[in-house]
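Quick look at run18.csv (CSV, N, CA and C atoms):
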chain,number,residue,atom,x,y,z
L,1,MET,N,0.8,-1.1,36.5
L,1,MET,CA,1.8,-2.1,36.1
L,1,MET,C,1.2,-3.2,35.2
L,2,ARG,N,0.0,-3.7,35.6
L,2,ARG,CA,-0.7,-4.7,34.9
L,2,ARG,C,-1.1,-4.3,33.5
L,3,SER,N,-1.6,-3.0,33.4
L,3,SER,CA,-2.1,-2.5,32.1
L,3,SER,C,-0.8,-2.3,31.1
L,4,ARG,N,0.2,-1.9,31.7
L,4,ARG,CA,1.5,-1.7,31.0
L,4,ARG,C,2.0,-3.0,30.4
L,5,ARG,N,1.9,-4.0,31.2
L,5,ARG,CA,2.4,-5.3,30.8
L,5,ARG,C,1.5,-5.8,29.6
L,6,SER,N,0.2,-5.6,29.8
L,6,SER,CA,-0.8,-6.0,28.8
L,6,SER,C,-0.6,-5.3,27.5
L,7,ARG,N,-0.2,-4.0,27.5
L,7,ARG,CA,0.1,-3.3,26.3
L,7,ARG,C,1.3,-3.8,25.6
L,8,TRP,N,2.3,-4.1,26.4
L,8,TRP,CA,3.6,-4.6,25.8
L,8,TRP,C,3.4,-6.0,25.2
L,9,LEU,N,2.6,-6.8,25.9
L,9,LEU,CA,2.3,-8.2,25.4
L,9,LEU,C,1.5,-8.1,24.1
L,10,LEU,N,0.5,-7.2,24.1
L,10,LEU,CA,-0.3,-7.0,22.8
L,10,LEU,C,0.6,-6.5,21.7
L,11,ALA,N,1.4,-5.6,22.0
L,11,ALA,CA,2.4,-5.1,21.0
L,11,ALA,C,3.3,-6.2,20.5
L,12,LEU,N,3.8,-7.0,21.4
L,12,LEU,CA,4.7,-8.1,21.0
L,12,LEU,C,4.0,-9.1,20.1
L,13,PHE,N,2.7,-9.4,20.5
L,13,PHE,CA,1.9,-10.4,19.8
L,13,PHE,C,1.7,-9.9,18.4
L,14,PHE,N,1.3,-8.7,18.2
L,14,PHE,CA,1.1,-8.2,16.8
L,14,PHE,C,2.4,-8.0,16.0
L,15,ALA,N,3.4,-7.5,16.7
L,15,ALA,CA,4.7,-7.3,16.0
L,15,ALA,C,5.2,-8.7,15.4
L,16,VAL,N,5.2,-9.7,16.3
L,16,VAL,CA,5.6,-11.0,15.8
L,16,VAL,C,4.7,-11.5,14.7
L,17,ALA,N,3.4,-11.4,14.9
L,17,ALA,CA,2.5,-11.9,13.9
L,17,ALA,C,2.7,-11.2,12.6
L,18,GLY,N,3.0,-9.9,12.6
L,18,GLY,CA,3.3,-9.1,11.4
L,18,GLY,C,4.5,-9.6,10.7
L,19,MET,N,5.6,-9.8,11.5
L,19,MET,CA,6.8,-10.3,11.0
L,19,MET,C,6.7,-11.6,10.3
L,20,LEU,N,5.9,-12.5,10.9
L,20,LEU,CA,5.6,-13.8,10.3
L,20,LEU,C,5.0,-13.7,8.9
L,21,HIS,N,4.3,-12.6,8.6
L,21,HIS,CA,3.8,-12.5,7.2
L,21,HIS,C,4.9,-12.4,6.2
L,22,PHE,N,6.0,-11.9,6.6
L,22,PHE,CA,7.2,-11.7,5.7
L,22,PHE,C,8.0,-13.0,5.7
L,23,ILE,N,8.2,-13.6,6.9
L,23,ILE,CA,9.0,-14.8,7.0
L,23,ILE,C,8.3,-16.0,6.4
L,24,LEU,N,7.0,-16.1,6.5
L,24,LEU,CA,6.3,-17.3,6.0
L,24,LEU,C,5.3,-16.8,4.9
L,25,MET,N,5.7,-15.9,4.1
L,25,MET,CA,4.7,-15.3,3.1
L,25,MET,C,4.0,-16.4,2.3
L,26,PRO,N,4.7,-17.4,1.7
L,26,PRO,CA,4.0,-18.4,0.9
L,26,PRO,C,2.8,-19.1,1.7
L,27,SER,N,3.1,-19.4,3.0
L,27,SER,CA,2.0,-20.0,3.8
L,27,SER,C,0.9,-19.1,4.0
L,28,TYR,N,1.1,-17.8,4.2
L,28,TYR,CA,0.0,-16.8,4.4
L,28,TYR,C,-0.7,-16.7,3.1
L,29,MET,N,0.0,-16.6,2.0
L,29,MET,CA,-0.7,-16.5,0.7
L,29,MET,C,-1.6,-17.7,0.4
L,30,SER,N,-1.2,-18.8,0.8
L,30,SER,CA,-1.9,-20.1,0.5
L,30,SER,C,-3.3,-20.2,1.2
L,31,VAL,N,-3.4,-19.4,2.3
L,31,VAL,CA,-4.7,-19.5,3.1
L,31,VAL,C,-5.6,-18.3,2.7
L,32,MET,N,-5.2,-17.5,1.7
L,32,MET,CA,-6.1,-16.4,1.3
L,32,MET,C,-7.3,-17.0,0.5
L,33,PRO,N,-8.4,-16.5,0.7
L,33,PRO,CA,-9.6,-17.0,-0.1
L,33,PRO,C,-9.3,-16.7,-1.6
L,34,ARG,N,-9.7,-17.7,-2.4
L,34,ARG,CA,-9.5,-17.6,-3.8
L,34,ARG,C,-10.2,-16.3,-4.4
L,35,TRP,N,-11.3,-15.9,-3.9
L,35,TRP,CA,-12.0,-14.8,-4.5
L,35,TRP,C,-11.4,-13.5,-4.2
L,36,LEU,N,-10.4,-13.4,-3.4
L,36,LEU,CA,-9.6,-12.2,-3.2
L,36,LEU,C,-8.4,-12.2,-4.1
L,37,GLY,N,-8.2,-11.1,-4.7
L,37,GLY,CA,-7.0,-11.0,-5.6
L,37,GLY,C,-5.8,-10.4,-4.9
L,38,SER,N,-4.7,-10.3,-5.5
L,38,SER,CA,-3.5,-9.6,-5.0
L,38,SER,C,-3.1,-10.2,-3.7
L,39,HIS,N,-3.0,-11.5,-3.6
L,39,HIS,CA,-2.7,-12.2,-2.3
L,39,HIS,C,-1.4,-11.7,-1.7
L,40,ARG,N,-0.4,-11.5,-2.5
L,40,ARG,CA,0.9,-11.1,-2.0
L,40,ARG,C,0.8,-9.7,-1.4
L,41,ALA,N,0.2,-8.8,-2.1
L,41,ALA,CA,0.0,-7.4,-1.6
L,41,ALA,C,-0.8,-7.4,-0.3
L,42,LEU,N,-1.8,-8.2,-0.3
L,42,LEU,CA,-2.7,-8.2,0.9
L,42,LEU,C,-1.9,-8.8,2.1
L,43,VAL,N,-1.1,-9.8,1.9
L,43,VAL,CA,-0.3,-10.3,3.0
L,43,VAL,C,0.7,-9.3,3.5
L,44,ILE,N,1.3,-8.6,2.5
L,44,ILE,CA,2.3,-7.5,2.9
L,44,ILE,C,1.6,-6.4,3.7
L,45,ILE,N,0.4,-6.0,3.2
L,45,ILE,CA,-0.3,-4.9,3.8
L,45,ILE,C,-0.7,-5.3,5.2
L,46,SER,N,-1.3,-6.5,5.4
L,46,SER,CA,-1.7,-6.9,6.7
L,46,SER,C,-0.6,-7.1,7.6
L,47,GLY,N,0.6,-7.6,7.1
L,47,GLY,CA,1.8,-7.7,8.0
L,47,GLY,C,2.2,-6.3,8.5
L,48,VAL,N,2.3,-5.3,7.6
L,48,VAL,CA,2.7,-4.0,8.0
L,48,VAL,C,1.7,-3.4,9.0
L,49,CYS,N,0.4,-3.6,8.7
L,49,CYS,CA,-0.6,-3.1,9.6
L,49,CYS,C,-0.5,-3.7,11.0
L,50,GLU,N,-0.2,-5.0,11.1
L,50,GLU,CA,-0.1,-5.7,12.4
L,50,GLU,C,1.1,-5.1,13.2
L,51,ILE,N,2.2,-4.9,12.5
L,51,ILE,CA,3.4,-4.3,13.1
L,51,ILE,C,3.1,-2.9,13.6
L,52,ALA,N,2.6,-2.1,12.7
L,52,ALA,CA,2.3,-0.7,13.0
L,52,ALA,C,1.3,-0.6,14.2
L,53,GLY,N,0.2,-1.4,14.1
L,53,GLY,CA,-0.8,-1.4,15.1
L,53,GLY,C,-0.2,-1.9,16.5
L,54,GLY,N,0.6,-2.9,16.4
L,54,GLY,CA,1.2,-3.4,17.7
L,54,GLY,C,2.1,-2.3,18.3
L,55,MET,N,2.9,-1.6,17.5
L,55,MET,CA,3.7,-0.5,18.0
L,55,MET,C,2.8,0.6,18.5
L,56,GLY,N,1.8,0.9,17.8
L,56,GLY,CA,0.9,2.0,18.1
L,56,GLY,C,0.2,1.9,19.4
L,57,VAL,N,0.0,0.7,19.9
L,57,VAL,CA,-0.6,0.6,21.3
L,57,VAL,C,0.3,1.0,22.4
L,58,LEU,N,1.6,1.2,22.1
L,58,LEU,CA,2.5,1.5,23.2
L,58,LEU,C,2.5,3.0,23.6
L,59,TRP,N,2.1,3.8,22.7
L,59,TRP,CA,2.1,5.3,23.0
L,59,TRP,C,0.6,5.8,23.1
L,60,SER,N,0.4,6.6,24.1
L,60,SER,CA,-0.9,7.1,24.4
L,60,SER,C,-1.5,7.9,23.3
L,61,GLY,N,-0.7,8.6,22.6
L,61,GLY,CA,-1.2,9.4,21.5
L,61,GLY,C,-1.7,8.6,20.3
L,62,THR,N,-1.3,7.4,20.1
L,62,THR,CA,-1.7,6.6,19.0
L,62,THR,C,-2.5,5.4,19.4
L,63,ARG,N,-2.6,5.1,20.7
L,63,ARG,CA,-3.2,3.9,21.2
L,63,ARG,C,-4.6,3.7,20.7
L,64,ARG,N,-5.5,4.7,20.8
L,64,ARG,CA,-6.9,4.5,20.4
L,64,ARG,C,-7.0,4.2,19.0
L,65,TRP,N,-6.3,4.9,18.1
L,65,TRP,CA,-6.4,4.6,16.7
L,65,TRP,C,-5.7,3.3,16.3
L,66,ALA,N,-4.7,2.9,17.0
L,66,ALA,CA,-4.1,1.6,16.8
L,66,ALA,C,-5.1,0.5,17.1
L,67,GLY,N,-5.8,0.8,18.2
L,67,GLY,CA,-6.9,-0.2,18.6
L,67,GLY,C,-7.9,-0.4,17.5
L,68,TYR,N,-8.4,0.8,17.0
L,68,TYR,CA,-9.4,0.7,15.9
L,68,TYR,C,-8.9,0.0,14.7
L,69,GLY,N,-7.6,0.2,14.4
L,69,GLY,CA,-7.0,-0.4,13.2
L,69,GLY,C,-6.8,-1.9,13.4
L,70,LEU,N,-6.4,-2.3,14.6
L,70,LEU,CA,-6.2,-3.7,14.9
L,70,LEU,C,-7.5,-4.5,14.9
L,71,ILE,N,-8.6,-3.8,15.5
L,71,ILE,CA,-9.9,-4.5,15.5
L,71,ILE,C,-10.4,-4.6,14.0
L,72,ALA,N,-10.2,-3.6,13.2
L,72,ALA,CA,-10.6,-3.7,11.8
L,72,ALA,C,-9.8,-4.8,11.1
L,73,LEU,N,-8.5,-4.9,11.4
L,73,LEU,CA,-7.7,-6.0,10.9
L,73,LEU,C,-8.2,-7.3,11.2
L,74,CYS,N,-8.6,-7.5,12.5
L,74,CYS,CA,-9.1,-8.8,12.9
L,74,CYS,C,-10.4,-9.2,12.1
L,75,VAL,N,-11.2,-8.2,11.9
L,75,VAL,CA,-12.4,-8.5,11.0
L,75,VAL,C,-12.0,-8.8,9.6
L,76,ALA,N,-11.0,-8.0,9.1
L,76,ALA,CA,-10.5,-8.2,7.7
L,76,ALA,C,-9.9,-9.6,7.4
L,77,VAL,N,-9.2,-10.2,8.4
L,77,VAL,CA,-8.5,-11.4,8.2
L,77,VAL,C,-9.5,-12.6,8.5
L,78,LEU,N,-10.7,-12.4,9.0
L,78,LEU,CA,-11.6,-13.5,9.3
L,78,LEU,C,-11.8,-14.4,8.1
L,79,PRO,N,-12.0,-13.8,6.8
L,79,PRO,CA,-12.2,-14.7,5.7
L,79,PRO,C,-11.0,-15.7,5.5
L,80,ALA,N,-9.8,-15.3,5.8
L,80,ALA,CA,-8.6,-16.2,5.7
L,80,ALA,C,-8.7,-17.3,6.8
L,81,ASN,N,-9.2,-16.9,7.9
L,81,ASN,CA,-9.3,-17.9,9.0
L,81,ASN,C,-10.4,-18.9,8.6
L,82,VAL,N,-11.5,-18.5,8.1
L,82,VAL,CA,-12.5,-19.4,7.6
L,82,VAL,C,-12.0,-20.2,6.5
L,83,GLN,N,-11.3,-19.6,5.5
L,83,GLN,CA,-10.7,-20.4,4.4
L,83,GLN,C,-9.8,-21.5,4.9
L,84,MET,N,-9.0,-21.2,5.9
L,84,MET,CA,-8.1,-22.3,6.5
L,84,MET,C,-8.9,-23.4,7.0
L,85,LEU,N,-10.0,-23.2,7.7
L,85,LEU,CA,-10.9,-24.2,8.2
L,85,LEU,C,-11.5,-25.0,7.0
L,86,LEU,N,-12.0,-24.3,6.0
L,86,LEU,CA,-12.7,-25.0,4.9
L,86,LEU,C,-11.7,-25.8,4.1
L,87,ASP,N,-10.4,-25.3,4.0
L,87,ASP,CA,-9.4,-26.1,3.3
L,87,ASP,C,-9.0,-27.4,4.1
L,88,ALA,N,-9.0,-27.2,5.4
L,88,ALA,CA,-8.7,-28.4,6.3
L,88,ALA,C,-9.7,-29.4,6.2
L,89,ARG,N,-11.0,-29.0,6.2
L,89,ARG,CA,-12.1,-29.9,6.1
L,89,ARG,C,-12.1,-30.6,4.7
L,90,THR,N,-11.8,-29.9,3.6
L,90,THR,CA,-11.8,-30.4,2.3
L,90,THR,C,-10.7,-31.5,2.1
L,91,SER,N,-9.5,-31.2,2.7
L,91,SER,CA,-8.4,-32.1,2.6
L,91,SER,C,-8.4,-33.2,3.7
L,92,HIS,N,-9.5,-33.2,4.5
L,92,HIS,CA,-9.6,-34.2,5.5
L,92,HIS,C,-8.4,-34.2,6.5
L,93,ALA,N,-8.1,-33.0,6.9
L,93,ALA,CA,-7.0,-32.8,7.9
L,93,ALA,C,-7.4,-33.5,9.2
L,94,PRO,N,-6.4,-33.9,10.0
L,94,PRO,CA,-6.7,-34.6,11.2
L,94,PRO,C,-7.7,-33.8,12.1
L,95,ALA,N,-8.4,-34.5,12.9
L,95,ALA,CA,-9.5,-33.9,13.7
L,95,ALA,C,-8.9,-32.8,14.6
L,96,LEU,N,-7.7,-33.0,15.1
L,96,LEU,CA,-7.1,-32.0,16.0
L,96,LEU,C,-6.9,-30.7,15.3
L,97,ILE,N,-6.4,-30.8,14.1
L,97,ILE,CA,-6.2,-29.5,13.3
L,97,ILE,C,-7.5,-28.8,13.1
L,98,GLN,N,-8.5,-29.6,12.7
L,98,GLN,CA,-9.8,-29.0,12.4
L,98,GLN,C,-10.4,-28.4,13.7
L,99,THR,N,-10.3,-29.1,14.8
L,99,THR,CA,-10.8,-28.5,16.0
L,99,THR,C,-10.1,-27.2,16.4
L,100,LEU,N,-8.8,-27.2,16.3
L,100,LEU,CA,-8.0,-26.0,16.6
L,100,LEU,C,-8.5,-24.8,15.7
L,101,LEU,N,-8.7,-25.1,14.4
L,101,LEU,CA,-9.2,-24.1,13.5
L,101,LEU,C,-10.6,-23.6,13.8
L,102,TRP,N,-11.4,-24.5,14.3
L,102,TRP,CA,-12.8,-24.1,14.7
L,102,TRP,C,-12.6,-23.2,15.9
L,103,MET,N,-11.8,-23.6,16.9
L,103,MET,CA,-11.6,-22.8,18.1
L,103,MET,C,-11.0,-21.4,17.8
L,104,ARG,N,-10.2,-21.3,16.7
L,104,ARG,CA,-9.6,-20.0,16.4
L,104,ARG,C,-10.7,-19.0,16.1
L,105,LEU,N,-11.8,-19.4,15.5
L,105,LEU,CA,-12.8,-18.4,15.1
L,105,LEU,C,-13.3,-17.6,16.3
L,106,PRO,N,-13.8,-18.3,17.4
L,106,PRO,CA,-14.3,-17.5,18.5
L,106,PRO,C,-13.1,-16.8,19.3
L,107,LEU,N,-11.9,-17.3,19.1
L,107,LEU,CA,-10.8,-16.6,19.8
L,107,LEU,C,-10.5,-15.3,19.2
L,108,GLN,N,-10.9,-15.1,17.9
L,108,GLN,CA,-10.8,-13.7,17.3
L,108,GLN,C,-11.6,-12.7,18.1
L,109,GLY,N,-12.8,-13.2,18.6
L,109,GLY,CA,-13.6,-12.3,19.5
L,109,GLY,C,-12.9,-11.9,20.8
L,110,LEU,N,-12.2,-12.9,21.4
L,110,LEU,CA,-11.4,-12.6,22.6
L,110,LEU,C,-10.2,-11.7,22.2
L,111,LEU,N,-9.6,-11.8,21.1
L,111,LEU,CA,-8.6,-11.0,20.7
L,111,LEU,C,-9.1,-9.5,20.5
L,112,VAL,N,-10.2,-9.4,19.9
L,112,VAL,CA,-10.8,-8.1,19.7
L,112,VAL,C,-11.1,-7.4,21.1
L,113,TRP,N,-11.6,-8.2,22.0
L,113,TRP,CA,-11.9,-7.7,23.4
L,113,TRP,C,-10.6,-7.3,24.0
L,114,TRP,N,-9.5,-8.0,23.9
L,114,TRP,CA,-8.2,-7.7,24.5
L,114,TRP,C,-7.7,-6.3,23.9
L,115,ILE,N,-7.8,-6.2,22.6
L,115,ILE,CA,-7.4,-5.0,21.9
L,115,ILE,C,-8.2,-3.8,22.5
L,116,TRP,N,-9.5,-4.0,22.6
L,116,TRP,CA,-10.4,-2.9,23.1
L,116,TRP,C,-10.0,-2.6,24.5
L,117,HIS,N,-9.9,-3.6,25.3
L,117,HIS,CA,-9.5,-3.4,26.7
L,117,HIS,C,-8.2,-2.6,26.9
L,118,VAL,N,-7.2,-3.0,26.1
L,118,VAL,CA,-5.9,-2.3,26.2
L,118,VAL,C,-5.9,-0.9,25.6
L,119,THR,N,-6.7,-0.7,24.6
L,119,THR,CA,-6.6,0.6,23.9
L,119,THR,C,-7.8,1.6,24.3
L,120,ARG,N,-8.8,1.1,24.9
L,120,ARG,CA,-9.9,2.0,25.2
L,120,ARG,C,-10.4,1.8,26.6
L,121,GLY,N,-10.2,0.6,27.2
L,121,GLY,CA,-10.7,0.3,28.5
L,121,GLY,C,-9.9,0.9,29.6
L,122,ARG,N,-10.1,0.3,30.8
L,122,ARG,CA,-9.3,0.8,32.0
L,122,ARG,C,-7.8,0.6,31.8
L,123,ALA,N,-7.4,-0.4,31.0
L,123,ALA,CA,-6.0,-0.7,30.8
L,123,ALA,C,-5.3,0.3,29.9
L,124,ALA,N,-6.1,1.2,29.2
L,124,ALA,CA,-5.5,2.1,28.2
L,124,ALA,C,-4.8,3.2,28.8
L,125,GLY,N,-5.0,3.5,30.1
L,125,GLY,CA,-4.4,4.7,30.7
L,125,GLY,C,-2.9,4.7,30.8

Let me see whether you can do it: turn the structure in this file into structure tokens.
Amino acid sequence: MRSRRSRWLLALFFAVAGMLHFILMPSYMSVMPRWLGSHRALVIISGVCEIAGGMGVLWSGTRRWAGYGLIALCVAVLPANVQMLLDARTSHAPALIQTLLWMRLPLQGLLVWWIWHVTRGRAAG
């Protein structure tokens, strides 16, 4: 029961995160590192991948590959997370915002662990 709940929560997390790429597209495009081109396309692709990966963890036949894809996605979006922090520091954003953005970076590691646990670990069954 616990592993099933974790799978559904992970699926919901990524499905909502993916939908937000379309609802808040200008915000997502604004945090893209400048050295990356095609910001709109990358936001769309990452949103679709989050939704597909989230749904993929729900079925045993796709769970493992969805996990690999979501982990790769977490690595791929790391530059945007770093860019958000750099922009906040440059614009002298409030300390709380900067602290939250700093905390977000190691939380990516926890997210990767959760994905691995749900899609490959004991909870994957």

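For the set L:Trp59, L:Phe14, L:Trp102, L:Trp113, the residue with the smallest atom-to-atom gap to Leu85 of chain L is L:Trp102, counting only N, CA and C atoms.
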
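Among the candidate residues L:Leu78, L:Ala17, L:Ile97, L:Ala72, the one lying nearest to Val112 of chain L is L:Ala72, with distances computed using all atoms listed in the file.
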
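Comparing L:Leu111, L:Met25, L:Ala93, L:Thr119 by their smallest distance to Cys74 of chain L, the closest is L:Leu111 (using only N, CA and C atoms).
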
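For the pair atom CA of Val57 of chain L and atom CA of Val43 of chain L, the separation is 21.3 Å.
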
For atom N of Met32 of chain L and atom CA of Leu107 of chain L, quote the distance in Å rounded to one decimal.
19.0 Å

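Coordinates place atom CA of Met84 of chain L at a distance of 11.7 Å from atom CA of Thr99 of chain L.
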
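Each of L:Val82, L:Leu70, L:Val118, L:Cys49 was checked against Leu105 of chain L using all atoms listed in the file; the smallest atom-to-atom distance is that of L:Val82.
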